[in-house]
Amino acid sequence: MKTKLKIVFILIFLLAPLLVRAEQIGQIVNFFVDPSYDLKGRSQITASLQKIGFRSYFYLDENWWSNLDKSQQNEVQKALSFLADEFDQKIYPTLTSTFGSEWRPGIDNDYSITILIHPMQKEAGGYFNSADEYPIIQAPKSNQREMVYLNAQHIEGPNIKSLLSHEFLHLIIFNQKERIYGIAEEIWLNEARAEYSPTLLGYDAEFEGSNLQNRVKDFLFNPSDSLTEWKNEKADYGVLNLFTQYLVDHYGIKILVDSLQSAKIGIPSLNYALEKNGFEKDFSQIFTDWTITVLVNDCSLNEKYCYQNENLKNLRISPQTNFLPLIGESSLALTDKTKNWAGNWYKFIGGQGTLNLEFSGDSRVTFKVPYLTRDISGQYSVNFFQLDKNQNGKISIPNFRKEITSLVIIPSIQSKISDFSKSEPSFSFFWKVSIVEKTKEEREAELIKKLLAQIEFLEKEIARLQAEIAAILTKKGTCTFFENNLYFGMMNNSEVRCLQEFLKSQGPEIYPESLVTGYFGPLTKAVVIKFQEKYKDEILTPLGLEKGTGYVGQMTRAKINELLGK
């Protein structure tokens, strides 16, 4: 019995902070609010406590709440009950077990989180104010509570759970980074972790109407927004969310957790977490892979060039497309600006021949420029510009349009790794693309081909002229009657020429080569033998011979003269 009582006392002691409530339903409290978020620009409002959860207080702007009719108030009460249960049973345990806890019991010595709901600007979902974690003596407008703020316009909307999880994670990050390590996280990475919380909790599984779908729309509207510059605009949330989805897809949630639970901030903290978890790639390489992924999103090209989240399988940006004339030589040029850690995508199509592209970036920063070619089968290939110290580089792609149908370059600056502000400087870069129908090497090869063709033509012309000269010389001699014996070895002989002319006249079956040179060589001898054997009954048989001899003697001359009509 004593043991049971002891257990009961221990449980009461442990749960006492959760069971004892210092605040009651209907209680009225004055709160400081951020006028840049408040719909009416107020800096202070009065709110009433309308719902108490196991781990939460839900306060509503009294002015907004009192203007609702009874039916509307009932609907809001239902939404609050649902949200309180969701916070207690899913949001709080999941996020704290993953990232660590908020400050407990905190500056207000209360284990419950205050959630203040008031009308805000249309685009706002909610916010977290770290000043609330400090005493008034340090922060005059501190509410001295662990608390977050939600937009009353979303209280009954489909994404209220996502908004609450996002803002609550900011509360956790404050404790894990600022209180434990005494350093403030860079805003972009702070927001990146918070942006992933709805996905971690499963709220983005149903894509239609989800926070993720909204972020995809924001990203596609302006994909070239800087990842690290924070202006608190839609584009900032879009690019952060889509990059973080990719990071966790391929490297795991531990990268976000370990980077949070370290004494480093920003990019160095992510590089620390990557190394700690055994990955060889750093932030720069992952960012570059991501810029390629949002263009192709194709695991068959490489497993690092795609999203694993099923809701992002079809995500692809539309690059800025540049058309080159389909015929003739042409060129295009562009000077543009960009900031650190911002992707830029330029696509080139059209033209025909060899595509040359020159890139030149501001030498004060470091550019990285991957480029992708796509062949006629639709297959991509990934390569990188080799830039010199002045950030200049050039590529050349032969057979453009015939074999390669498009080219995309993705320049980005990857120099700065810390101390990002809401207004980062821009740096210029320049590219020039040109199409030449033939390269210098191709033109030289074509010239050589033409010269060889001319040489071949001239050789034939020389042979023809030689033949004509030989014919003229033959006509000058006596080629109508053969009275001298002719034999192998005779050179530069006019009668041999006449013999060759005669044999030529007997057709290709006797003398296909048809050469008239005046030299009685092996070829002429072989032709004479053919002639003798053709008329062997008249030339060879009377001499008792079976085969030709190649010697033009009496019997052979007699047959030749006979055929000449002599």
# chains A, B, ... in the order shown; residues from 1 in each chain; ligands from 1

$ closest_atom_pairs --of "range 81-177 of chain A" --to "range 222-236 of chain A" --cutoff "12 Å" --atoms "only C-alpha atoms" --output "JSON lines"
{"residue": "A:Glu123", "atom": "CA", "partner": "A:Lys234", "partner_atom": "CA", "distance": 8.4}
{"residue": "A:Ala124", "atom": "CA", "partner": "A:Lys234", "partner_atom": "CA", "distance": 9.8}
{"residue": "A:Gly125", "atom": "CA", "partner": "A:Lys234", "partner_atom": "CA", "distance": 11.3}
{"residue": "A:Gly126", "atom": "CA", "partner": "A:Asn232", "partner_atom": "CA", "distance": 11.9}
{"residue": "A:Tyr127", "atom": "CA", "partner": "A:Asn232", "partner_atom": "CA", "distance": 10.9}

$ residues_around --residues "range 83-92 of chain A" --least-positions-apart "5" --cutoff "9 Å" --atoms "only C-alpha atoms" --output "MDAnalysis selection string"
chainID A and resid 51:58 78 97 101 155 160:161 164:165 168 197 201

$ write_last_selection --atoms "N, CA and C atoms" --output "compact mmCIF listing (two decimals), in the first residue's frame"
# COMPACT_ATOMS: atom_id res chain seq x y z
N LYS A 51 -9.83 28.61 -24.96
CA LYS A 51 -9.63 27.17 -24.97
C LYS A 51 -8.34 26.84 -24.22
N ILE A 52 -8.42 25.84 -23.35
CA ILE A 52 -7.24 25.35 -22.63
C ILE A 52 -7.01 23.90 -23.02
N GLY A 53 -5.88 23.62 -23.62
CA GLY A 53 -5.51 22.26 -23.95
C GLY A 53 -4.58 21.70 -22.90
N PHE A 54 -4.14 20.46 -23.07
CA PHE A 54 -3.24 19.83 -22.12
C PHE A 54 -1.91 20.58 -22.07
N ARG A 55 -1.51 21.13 -23.23
CA ARG A 55 -0.23 21.83 -23.32
C ARG A 55 -0.38 23.24 -23.88
N SER A 56 -1.60 23.75 -23.90
CA SER A 56 -1.79 25.01 -24.64
C SER A 56 -2.90 25.89 -24.06
N TYR A 57 -2.71 27.22 -24.26
CA TYR A 57 -3.74 28.22 -24.00
C TYR A 57 -4.06 28.89 -25.33
N PHE A 58 -5.33 28.97 -25.68
CA PHE A 58 -5.73 29.64 -26.91
C PHE A 58 -6.46 30.94 -26.57
N LYS A 78 -15.22 24.91 -32.13
CA LYS A 78 -14.95 23.55 -32.65
C LYS A 78 -13.54 23.49 -33.24
N SER A 97 10.20 15.62 -29.87
CA SER A 97 11.00 14.39 -29.89
C SER A 97 12.00 14.40 -31.03
N SER A 101 13.14 20.20 -27.11
CA SER A 101 12.00 20.92 -26.52
C SER A 101 12.16 22.43 -26.59
N ILE A 155 -8.21 30.35 -38.95
CA ILE A 155 -8.53 29.47 -37.84
C ILE A 155 -9.38 28.27 -38.27
N ILE A 160 -4.39 25.35 -40.90
CA ILE A 160 -4.13 25.90 -39.58
C ILE A 160 -3.15 25.02 -38.79
N LYS A 161 -3.21 23.69 -38.99
CA LYS A 161 -2.28 22.78 -38.31
C LYS A 161 -0.85 23.04 -38.78
N LEU A 164 0.45 26.31 -37.26
CA LEU A 164 0.80 26.17 -35.85
C LEU A 164 2.11 25.40 -35.69
N SER A 165 2.27 24.34 -36.45
CA SER A 165 3.51 23.55 -36.35
C SER A 165 4.71 24.39 -36.77
N PHE A 168 5.41 26.93 -33.92
CA PHE A 168 5.89 26.28 -32.71
C PHE A 168 7.34 25.83 -32.87
N SER A 197 8.28 21.36 -41.11
CA SER A 197 7.50 20.73 -40.05
C SER A 197 6.16 20.16 -40.54
N LEU A 201 5.09 16.17 -40.15
CA LEU A 201 3.89 15.75 -39.43
C LEU A 201 2.86 15.07 -40.32

$ residues_around --residues "range 239-246 of chain A" --least-positions-apart "4" --cutoff "8 Å" --atoms "only C-alpha atoms" --output "ChimeraX atom specification"
/A:188,191-193,195-196,212,215-216,218-219,223,225-227,235,250,287,290,307-309

$ closest_residue --among "A:Pro135, A:Gly26, A:Gly548, A:Pro542" --to "Ile107 in chain A" --atoms "only C-alpha atoms"
A:Pro135

$ residues_around --residues "Thr524 in chain A" --least-positions-apart "3" --cutoff "10 Å" --atoms "only C-alpha atoms" --output "list in words"
Tyr487, Phe488, Gly489, Val496, Leu499, Gln500, Leu503, Tyr511, Glu513, Ser514, Leu515, Val516, Thr517, Gly518, Tyr519, Phe520, Gly521, Val527, Val528, Ile529, Lys530 and Gly550 of chain A

$ write_last_selection --atoms "C-alpha atoms" --output "PDB file, in the first residue's frame"
ATOM      1  CA  TYR A 487      58.356  -7.230-129.601  1.00  0.00           C
ATOM      2  CA  PHE A 488      58.625  -6.904-125.841  1.00  0.00           C
ATOM      3  CA  GLY A 489      60.940  -4.168-124.551  1.00  0.00           C
ATOM      4  CA  VAL A 496      54.200   0.393-130.948  1.00  0.00           C
ATOM      5  CA  LEU A 499      49.864  -1.205-132.412  1.00  0.00           C
ATOM      6  CA  GLN A 500      48.377   0.023-129.117  1.00  0.00           C
ATOM      7  CA  LEU A 503      44.504  -3.061-130.096  1.00  0.00           C
ATOM      8  CA  TYR A 511      42.455  -4.057-124.370  1.00  0.00           C
ATOM      9  CA  GLU A 513      43.171  -0.453-120.272  1.00  0.00           C
ATOM     10  CA  SER A 514      43.319   1.406-123.646  1.00  0.00           C
ATOM     11  CA  LEU A 515      46.733   2.908-122.884  1.00  0.00           C
ATOM     12  CA  VAL A 516      48.795   4.345-125.753  1.00  0.00           C
ATOM     13  CA  THR A 517      52.316   4.950-124.513  1.00  0.00           C
ATOM     14  CA  GLY A 518      54.753   3.745-127.187  1.00  0.00           C
ATOM     15  CA  TYR A 519      56.208   1.243-124.737  1.00  0.00           C
ATOM     16  CA  PHE A 520      55.920  -2.482-125.487  1.00  0.00           C
ATOM     17  CA  GLY A 521      55.785  -3.688-121.951  1.00  0.00           C
ATOM     18  CA  VAL A 527      47.095  -7.835-124.959  1.00  0.00           C
ATOM     19  CA  VAL A 528      48.896  -9.143-128.073  1.00  0.00           C
ATOM     20  CA  ILE A 529      48.587 -12.679-126.663  1.00  0.00           C
ATOM     21  CA  LYS A 530      44.831 -12.163-126.250  1.00  0.00           C
ATOM     22  CA  GLY A 550      53.125 -11.792-127.542  1.00  0.00           C
TER      23      GLY A 550
END

$ atom_distance --atom1 "CA of Lys276 in chain A" --atom2 "CA of Glu185 in chain A"
19.2 Å

$ decode --residues "range 194-338 of chain A" --atoms "C-alpha atoms" --output "PDB file, in the first residue's frame"
ATOM      1  CA  ALA A 194       9.951  25.496 -39.737  1.00  0.00           C
ATOM      2  CA  GLU A 195       8.825  25.080 -43.362  1.00  0.00           C
ATOM      3  CA  TYR A 196       9.537  21.351 -43.203  1.00  0.00           C
ATOM      4  CA  SER A 197       7.497  20.726 -40.047  1.00  0.00           C
ATOM      5  CA  PRO A 198       4.116  20.249 -41.857  1.00  0.00           C
ATOM      6  CA  THR A 199       5.728  17.616 -44.106  1.00  0.00           C
ATOM      7  CA  LEU A 200       7.303  15.866 -41.117  1.00  0.00           C
ATOM      8  CA  LEU A 201       3.891  15.753 -39.429  1.00  0.00           C
ATOM      9  CA  GLY A 202       2.191  14.344 -42.532  1.00  0.00           C
ATOM     10  CA  TYR A 203       0.092  17.429 -43.212  1.00  0.00           C
ATOM     11  CA  ASP A 204       1.404  17.663 -46.781  1.00  0.00           C
ATOM     12  CA  ALA A 205       0.556  14.056 -47.657  1.00  0.00           C
ATOM     13  CA  GLU A 206      -2.738  15.240 -49.126  1.00  0.00           C
ATOM     14  CA  PHE A 207      -1.230  17.600 -51.678  1.00  0.00           C
ATOM     15  CA  GLU A 208      -4.351  19.453 -52.811  1.00  0.00           C
ATOM     16  CA  GLY A 209      -4.763  22.583 -50.709  1.00  0.00           C
ATOM     17  CA  SER A 210      -1.717  21.791 -48.552  1.00  0.00           C
ATOM     18  CA  ASN A 211       1.027  24.126 -47.418  1.00  0.00           C
ATOM     19  CA  LEU A 212       3.365  22.253 -49.781  1.00  0.00           C
ATOM     20  CA  GLN A 213       1.134  22.928 -52.768  1.00  0.00           C
ATOM     21  CA  ASN A 214       1.101  26.625 -51.897  1.00  0.00           C
ATOM     22  CA  ARG A 215       4.896  26.653 -51.631  1.00  0.00           C
ATOM     23  CA  VAL A 216       5.246  24.922 -54.998  1.00  0.00           C
ATOM     24  CA  LYS A 217       3.146  27.676 -56.575  1.00  0.00           C
ATOM     25  CA  ASP A 218       5.253  30.337 -54.845  1.00  0.00           C
ATOM     26  CA  PHE A 219       8.459  28.709 -56.027  1.00  0.00           C
ATOM     27  CA  LEU A 220       7.380  28.244 -59.641  1.00  0.00           C
ATOM     28  CA  PHE A 221       6.331  31.879 -59.796  1.00  0.00           C
ATOM     29  CA  ASN A 222       9.860  33.015 -58.882  1.00  0.00           C
ATOM     30  CA  PRO A 223      12.361  30.113 -58.812  1.00  0.00           C
ATOM     31  CA  SER A 224      15.395  32.430 -59.033  1.00  0.00           C
ATOM     32  CA  ASP A 225      14.837  33.917 -55.586  1.00  0.00           C
ATOM     33  CA  SER A 226      17.909  33.709 -53.341  1.00  0.00           C
ATOM     34  CA  LEU A 227      17.808  30.865 -50.844  1.00  0.00           C
ATOM     35  CA  THR A 228      19.696  32.767 -48.156  1.00  0.00           C
ATOM     36  CA  GLU A 229      18.442  36.351 -48.522  1.00  0.00           C
ATOM     37  CA  TRP A 230      15.354  36.766 -46.341  1.00  0.00           C
ATOM     38  CA  LYS A 231      12.728  39.394 -47.191  1.00  0.00           C
ATOM     39  CA  ASN A 232       9.793  37.519 -45.676  1.00  0.00           C
ATOM     40  CA  GLU A 233       8.116  37.265 -49.084  1.00  0.00           C
ATOM     41  CA  LYS A 234       6.249  34.397 -50.712  1.00  0.00           C
ATOM     42  CA  ALA A 235       9.176  33.588 -52.972  1.00  0.00           C
ATOM     43  CA  ASP A 236      11.450  33.221 -49.935  1.00  0.00           C
ATOM     44  CA  TYR A 237       9.181  30.564 -48.452  1.00  0.00           C
ATOM     45  CA  GLY A 238       8.783  28.832 -51.802  1.00  0.00           C
ATOM     46  CA  VAL A 239      12.481  28.374 -52.560  1.00  0.00           C
ATOM     47  CA  LEU A 240      13.299  27.439 -48.948  1.00  0.00           C
ATOM     48  CA  ASN A 241      10.589  24.808 -48.774  1.00  0.00           C
ATOM     49  CA  LEU A 242      11.501  23.178 -52.085  1.00  0.00           C
ATOM     50  CA  PHE A 243      15.212  23.126 -51.259  1.00  0.00           C
ATOM     51  CA  THR A 244      14.577  21.705 -47.779  1.00  0.00           C
ATOM     52  CA  GLN A 245      12.314  19.014 -49.209  1.00  0.00           C
ATOM     53  CA  TYR A 246      15.192  17.947 -51.460  1.00  0.00           C
ATOM     54  CA  LEU A 247      17.759  18.109 -48.650  1.00  0.00           C
ATOM     55  CA  VAL A 248      15.718  15.879 -46.334  1.00  0.00           C
ATOM     56  CA  ASP A 249      14.698  13.573 -49.206  1.00  0.00           C
ATOM     57  CA  HIS A 250      18.318  12.685 -49.900  1.00  0.00           C
ATOM     58  CA  TYR A 251      20.139  13.290 -46.613  1.00  0.00           C
ATOM     59  CA  GLY A 252      17.535  12.803 -43.897  1.00  0.00           C
ATOM     60  CA  ILE A 253      15.904  14.840 -41.139  1.00  0.00           C
ATOM     61  CA  LYS A 254      19.043  14.420 -39.003  1.00  0.00           C
ATOM     62  CA  ILE A 255      20.749  17.099 -41.095  1.00  0.00           C
ATOM     63  CA  LEU A 256      18.206  19.651 -39.862  1.00  0.00           C
ATOM     64  CA  VAL A 257      18.338  18.323 -36.304  1.00  0.00           C
ATOM     65  CA  ASP A 258      22.119  18.035 -35.923  1.00  0.00           C
ATOM     66  CA  SER A 259      22.703  21.417 -37.533  1.00  0.00           C
ATOM     67  CA  LEU A 260      20.231  22.897 -35.004  1.00  0.00           C
ATOM     68  CA  GLN A 261      21.822  21.161 -32.028  1.00  0.00           C
ATOM     69  CA  SER A 262      25.282  22.538 -32.709  1.00  0.00           C
ATOM     70  CA  ALA A 263      27.219  25.692 -31.902  1.00  0.00           C
ATOM     71  CA  LYS A 264      27.336  26.587 -35.600  1.00  0.00           C
ATOM     72  CA  ILE A 265      24.710  28.432 -37.638  1.00  0.00           C
ATOM     73  CA  GLY A 266      23.693  28.648 -41.287  1.00  0.00           C
ATOM     74  CA  ILE A 267      25.685  26.875 -43.988  1.00  0.00           C
ATOM     75  CA  PRO A 268      28.581  25.869 -41.695  1.00  0.00           C
ATOM     76  CA  SER A 269      26.077  24.120 -39.401  1.00  0.00           C
ATOM     77  CA  LEU A 270      24.658  22.139 -42.328  1.00  0.00           C
ATOM     78  CA  ASN A 271      28.152  21.169 -43.483  1.00  0.00           C
ATOM     79  CA  TYR A 272      28.893  20.062 -39.918  1.00  0.00           C
ATOM     80  CA  ALA A 273      25.746  17.906 -39.851  1.00  0.00           C
ATOM     81  CA  LEU A 274      26.497  16.404 -43.278  1.00  0.00           C
ATOM     82  CA  GLU A 275      29.987  15.403 -42.196  1.00  0.00           C
ATOM     83  CA  LYS A 276      28.726  14.090 -38.866  1.00  0.00           C
ATOM     84  CA  ASN A 277      26.263  11.824 -40.666  1.00  0.00           C
ATOM     85  CA  GLY A 278      28.898  10.437 -43.020  1.00  0.00           C
ATOM     86  CA  PHE A 279      28.082  12.333 -46.203  1.00  0.00           C
ATOM     87  CA  GLU A 280      30.888  13.454 -48.515  1.00  0.00           C
ATOM     88  CA  LYS A 281      28.933  16.213 -50.219  1.00  0.00           C
ATOM     89  CA  ASP A 282      28.774  19.714 -48.796  1.00  0.00           C
ATOM     90  CA  PHE A 283      26.106  22.404 -49.018  1.00  0.00           C
ATOM     91  CA  SER A 284      27.495  23.830 -52.266  1.00  0.00           C
ATOM     92  CA  GLN A 285      27.361  20.497 -54.076  1.00  0.00           C
ATOM     93  CA  ILE A 286      23.872  19.768 -52.767  1.00  0.00           C
ATOM     94  CA  PHE A 287      22.620  23.177 -53.843  1.00  0.00           C
ATOM     95  CA  THR A 288      24.009  22.602 -57.345  1.00  0.00           C
ATOM     96  CA  ASP A 289      22.371  19.165 -57.526  1.00  0.00           C
ATOM     97  CA  TRP A 290      19.085  20.754 -56.452  1.00  0.00           C
ATOM     98  CA  THR A 291      19.238  23.382 -59.231  1.00  0.00           C
ATOM     99  CA  ILE A 292      19.570  20.518 -61.711  1.00  0.00           C
ATOM    100  CA  THR A 293      16.813  18.518 -60.013  1.00  0.00           C
ATOM    101  CA  VAL A 294      14.146  21.206 -60.303  1.00  0.00           C
ATOM    102  CA  LEU A 295      14.873  21.341 -64.032  1.00  0.00           C
ATOM    103  CA  VAL A 296      14.851  17.626 -64.923  1.00  0.00           C
ATOM    104  CA  ASN A 297      13.498  15.794 -61.816  1.00  0.00           C
ATOM    105  CA  ASP A 298      14.485  12.468 -63.327  1.00  0.00           C
ATOM    106  CA  CYS A 299      15.821   9.592 -61.196  1.00  0.00           C
ATOM    107  CA  SER A 300      16.821   7.679 -64.333  1.00  0.00           C
ATOM    108  CA  LEU A 301      19.372  10.393 -65.144  1.00  0.00           C
ATOM    109  CA  ASN A 302      20.851  10.118 -61.655  1.00  0.00           C
ATOM    110  CA  GLU A 303      19.281   9.357 -58.283  1.00  0.00           C
ATOM    111  CA  LYS A 304      20.497  12.727 -56.988  1.00  0.00           C
ATOM    112  CA  TYR A 305      18.589  14.579 -59.726  1.00  0.00           C
ATOM    113  CA  CYS A 306      15.053  13.864 -58.526  1.00  0.00           C
ATOM    114  CA  TYR A 307      12.634  14.279 -55.619  1.00  0.00           C
ATOM    115  CA  GLN A 308      11.597  11.208 -53.651  1.00  0.00           C
ATOM    116  CA  ASN A 309       8.465  12.859 -52.243  1.00  0.00           C
ATOM    117  CA  GLU A 310       5.608  11.524 -54.378  1.00  0.00           C
ATOM    118  CA  ASN A 311       3.885  14.912 -54.351  1.00  0.00           C
ATOM    119  CA  LEU A 312       6.932  16.469 -56.011  1.00  0.00           C
ATOM    120  CA  LYS A 313       7.586  13.837 -58.689  1.00  0.00           C
ATOM    121  CA  ASN A 314       6.195  16.101 -61.403  1.00  0.00           C
ATOM    122  CA  LEU A 315       7.791  19.346 -60.236  1.00  0.00           C
ATOM    123  CA  ARG A 316       9.809  21.029 -62.984  1.00  0.00           C
ATOM    124  CA  ILE A 317      10.572  24.674 -63.588  1.00  0.00           C
ATOM    125  CA  SER A 318      10.265  26.372 -66.978  1.00  0.00           C
ATOM    126  CA  PRO A 319      13.650  27.891 -67.840  1.00  0.00           C
ATOM    127  CA  GLN A 320      13.998  31.168 -69.707  1.00  0.00           C
ATOM    128  CA  THR A 321      13.954  29.958 -73.306  1.00  0.00           C
ATOM    129  CA  ASN A 322      16.044  31.584 -76.041  1.00  0.00           C
ATOM    130  CA  PHE A 323      15.295  30.798 -79.693  1.00  0.00           C
ATOM    131  CA  LEU A 324      18.006  30.825 -82.350  1.00  0.00           C
ATOM    132  CA  PRO A 325      17.115  31.202 -86.065  1.00  0.00           C
ATOM    133  CA  LEU A 326      16.682  27.819 -87.714  1.00  0.00           C
ATOM    134  CA  ILE A 327      18.951  28.620 -90.662  1.00  0.00           C
ATOM    135  CA  GLY A 328      22.124  30.605 -91.101  1.00  0.00           C
ATOM    136  CA  GLU A 329      24.609  31.850 -88.540  1.00  0.00           C
ATOM    137  CA  SER A 330      23.299  33.865 -85.577  1.00  0.00           C
ATOM    138  CA  SER A 331      24.093  35.030 -82.061  1.00  0.00           C
ATOM    139  CA  LEU A 332      22.359  36.170 -78.860  1.00  0.00           C
ATOM    140  CA  ALA A 333      23.790  37.890 -75.779  1.00  0.00           C
ATOM    141  CA  LEU A 334      22.497  38.789 -72.319  1.00  0.00           C
ATOM    142  CA  THR A 335      23.781  40.610 -69.253  1.00  0.00           C
ATOM    143  CA  ASP A 336      21.924  39.704 -66.053  1.00  0.00           C
ATOM    144  CA  LYS A 337      22.301  39.935 -62.282  1.00  0.00           C
ATOM    145  CA  THR A 338      21.960  37.423 -59.491  1.00  0.00           C
TER     146      THR A 338
END
